[in-house]
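To start, the structure itself, in structure tokens.
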Amino acid sequence: MLPPDISYILNELGEDREEYFNAVAPPIYQTSNFAFKTVADMRRAFEDEFNNLIYSKGMNPTVNILRKKLAALDNAEECLVFNSGSSAIFASVFANVQSGDHIVSVNRPYGWAKKLFDEVLPRFGVATTYVDGREIEAFERAILPSTKIIYLESPNSWDFVLQDLRAVADLARAEGIITICDNSYCTPLFQRPLDHGIDMSLQSATKYIGGHSDVVAGVLTGTQTMMNHVFNNAMQNAGNGISPFNAWLLLRGLRTLPARLDRISTTTRIMVDWLKQHSKVEQVIFPLDPSFPQYELAQRQMSGACGLVTIVVHAKNMEEIVTFSESLRHILMAVSWGGHESLVIPRCASLQPEAFDASDPEHRMLRFYFGLEDAEYLKTDLEQAFAKMV
Ligand SMILES: *Cc1c(COP(=O)(O)O)cnc(C)c1O
């Protein structure tokens, strides 16, 4: 069950309806700049752009309502909202490293995080070591005197591999290293990394917060000091804050977040059980299924799991998987997740056809996102596509 203050956060916190004609829905302050009456007021604002309204690249009243709610959901002092999840990753990392520094990242983080570590930061003298995040000893071994950041993603969005957030946070704190966790899979409703001692939590708000596949956005939370630092040392230079209209779409998404996650969790449970007994399915990977290798850790640090499920299918060649994927009539083949519509990504879409190896279970993976449709509707679609595989 959700704590009761979630209802207050989603429906009231940060809103001041008397300021805007008692409108139930908050206004979109579609303005680029804010005017001052006196030079002294303007000077005061320039001294602290984080806490003043000057220009909407920085702060904006619609965005600020959203920031208050998202900070509270994460049990954080402060929050920044970006024009994509990738922007939140970039700003949180970039603001905290300089030439000669070192990062320890969990294996296989989100693709653009990996690109940042592998291709962008090395140009500025920042190196990254990847570790198997299932073992705390792997982090211990990888830490150097120059390590500034430990970067986590728990669960991973393909194989759902977890890290013990508390153990990594304790280790990092003792060494003076900043921890960042990508929490896109869980949202703050199902996991609050800061409660486990992590310094900064980020998520792609494109997924569950937006919830309707119509906005790209990212969220970063942490202490007031850290958010102020990120704001002034990366975010304002990149100019990658969210627009007032997209902030408003996220506010609208937040109103129904618990209801959508409830529905998606129920449907996903039904789909996991159905897939597990299906003759075409070799393995079902889902972090809150007892068969999941890190099931106990998942239960300990997550209060729920949502619509992402990966399966390994029985297939003798890639064509069978292609036929299955292209035969789905309602489940769309597309990236991302968190909207109303169910989705699938076959792993082989990231492989050159000649590289496909049927003996490698990873090549026979498909990742599903189950959305707001009825479970029976989804099963019928999957069944007719499975039937076409041979
Ligand atoms: C989608 C995603 C991101 C990036 O978010 P965007 O809003 O697409 O930039 C980051 N991490 C994970 C795990 C994601 O799935």
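Residue names in the structure tokens use chain letters A, B, ... in the order shown, residue numbers from 1 in each chain, and ligand numbers from 1 in the order shown.
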Check region 126-330 of chain A with DSSP on the backbone and list each residue it calls alpha helix (DSSP H), as a ChimeraX atom specification.
-> /A:136-142,165-175,187-190,224-230,236-238,244-255,257-276,295-301,318-327
Cut-off 8 Å, only C-alpha atoms and all ligand atoms, neighbours of ligand 1 as a list of chain:residue names =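 Counting only C-alpha atoms and all ligand atoms, the residues within 8 Å of ligand 1 come out as A:Asn83, A:Ser84, A:Gly85, A:Ser86, A:Ser87, A:Ala88, A:Ile89, A:Pro109, A:Tyr110, A:Gly111, A:Trp112, A:Ala113, A:Glu153, A:Asn156, A:Ser157, A:Asp182, A:Asn183, A:Ser184, A:Tyr185, A:Gln203, A:Ser204, A:Ala205, A:Thr206, A:Lys207, A:Val216, A:Ala217, A:Gly218, A:Ser336, A:Trp337.
Residues in contact with region 247-254 of chain A at up to 9 Å, not including ones fewer than 6 positions away on its chain and judged by only C-alpha atoms, are Leu10, Asn11, Ala25, Pro26, Pro27, Ile28, Thr62, Val63, Asn64, Ile65, Leu66, Lys69, Val81, Ala205, Thr206, Tyr208, Ile209, Gly210, Gly211, His212, Asp214, Val215 and Ala217 of chain A.
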Could you write out that same residue set with C-alpha atoms as a short mmCIF file (atom, residue, chain, number, x, y, z; two decimals), in the first residue's frame?
```
data_model
loop_
_atom_site.label_atom_id
_atom_site.label_comp_id
_atom_site.auth_asym_id
_atom_site.auth_seq_id
_atom_site.Cartn_x
_atom_site.Cartn_y
_atom_site.Cartn_z
CA LEU A 10 -0.08 14.30 -6.07
CA ASN A 11 -3.24 16.32 -5.51
CA ALA A 25 -5.58 22.33 -12.90
CA PRO A 26 -2.44 24.45 -12.49
CA PRO A 27 -1.76 27.10 -15.14
CA ILE A 28 0.94 26.82 -17.79
CA THR A 62 4.66 25.61 -13.56
CA VAL A 63 7.96 23.74 -13.40
CA ASN A 64 8.28 24.67 -9.72
CA ILE A 65 4.96 23.04 -8.80
CA LEU A 66 6.23 19.88 -10.48
CA LYS A 69 5.89 17.18 -5.98
CA VAL A 81 13.41 18.60 -14.13
CA ALA A 205 9.89 10.93 -16.71
CA THR A 206 9.13 10.02 -20.32
CA TYR A 208 5.66 6.30 -16.07
CA ILE A 209 5.46 9.93 -14.89
CA GLY A 210 4.36 11.23 -18.30
CA GLY A 211 2.45 8.01 -18.79
CA HIS A 212 0.83 8.80 -22.15
CA ASP A 214 3.48 12.27 -25.44
CA VAL A 215 6.35 13.92 -23.55
CA ALA A 217 11.48 14.46 -19.76
#
```
Distance query Ile149 (chain A) at most 7 Å, only C-alpha atoms, self and fewer than 4 positions along chain excluded, as JSON, numbers by chain | {"A": [103, 104, 177, 178, 179]}
In region 153-183 of chain A, DSSP strand (DSSP E) residues written as a list in words = Glu153, Ile178, Thr179, Ile180, Cys181 and Asp182 of chain A
How would the residues just picked look written out with N, CA and C atoms as a PDB file, in the first residue's frame?
```pdb
ATOM      1  N   GLU A 153      22.145   1.574 -11.775  1.00  0.00           N
ATOM      2  CA  GLU A 153      20.831   1.496 -12.430  1.00  0.00           C
ATOM      3  C   GLU A 153      20.181   0.229 -11.888  1.00  0.00           C
ATOM      4  N   ILE A 178      30.327  10.210  -4.587  1.00  0.00           N
ATOM      5  CA  ILE A 178      28.912  10.518  -4.835  1.00  0.00           C
ATOM      6  C   ILE A 178      28.242   9.324  -5.523  1.00  0.00           C
ATOM      7  N   THR A 179      27.049   8.949  -5.066  1.00  0.00           N
ATOM      8  CA  THR A 179      26.297   7.873  -5.720  1.00  0.00           C
ATOM      9  C   THR A 179      25.110   8.462  -6.476  1.00  0.00           C
ATOM     10  N   ILE A 180      24.908   7.920  -7.698  1.00  0.00           N
ATOM     11  CA  ILE A 180      23.778   8.315  -8.541  1.00  0.00           C
ATOM     12  C   ILE A 180      23.066   7.025  -8.942  1.00  0.00           C
ATOM     13  N   CYS A 181      21.740   6.990  -8.823  1.00  0.00           N
ATOM     14  CA  CYS A 181      21.000   5.789  -9.235  1.00  0.00           C
ATOM     15  C   CYS A 181      19.909   6.136 -10.242  1.00  0.00           C
ATOM     16  N   ASP A 182      19.919   5.444 -11.370  1.00  0.00           N
ATOM     17  CA  ASP A 182      18.836   5.551 -12.354  1.00  0.00           C
ATOM     18  C   ASP A 182      17.667   4.694 -11.856  1.00  0.00           C
TER      19      ASP A 182
END
```
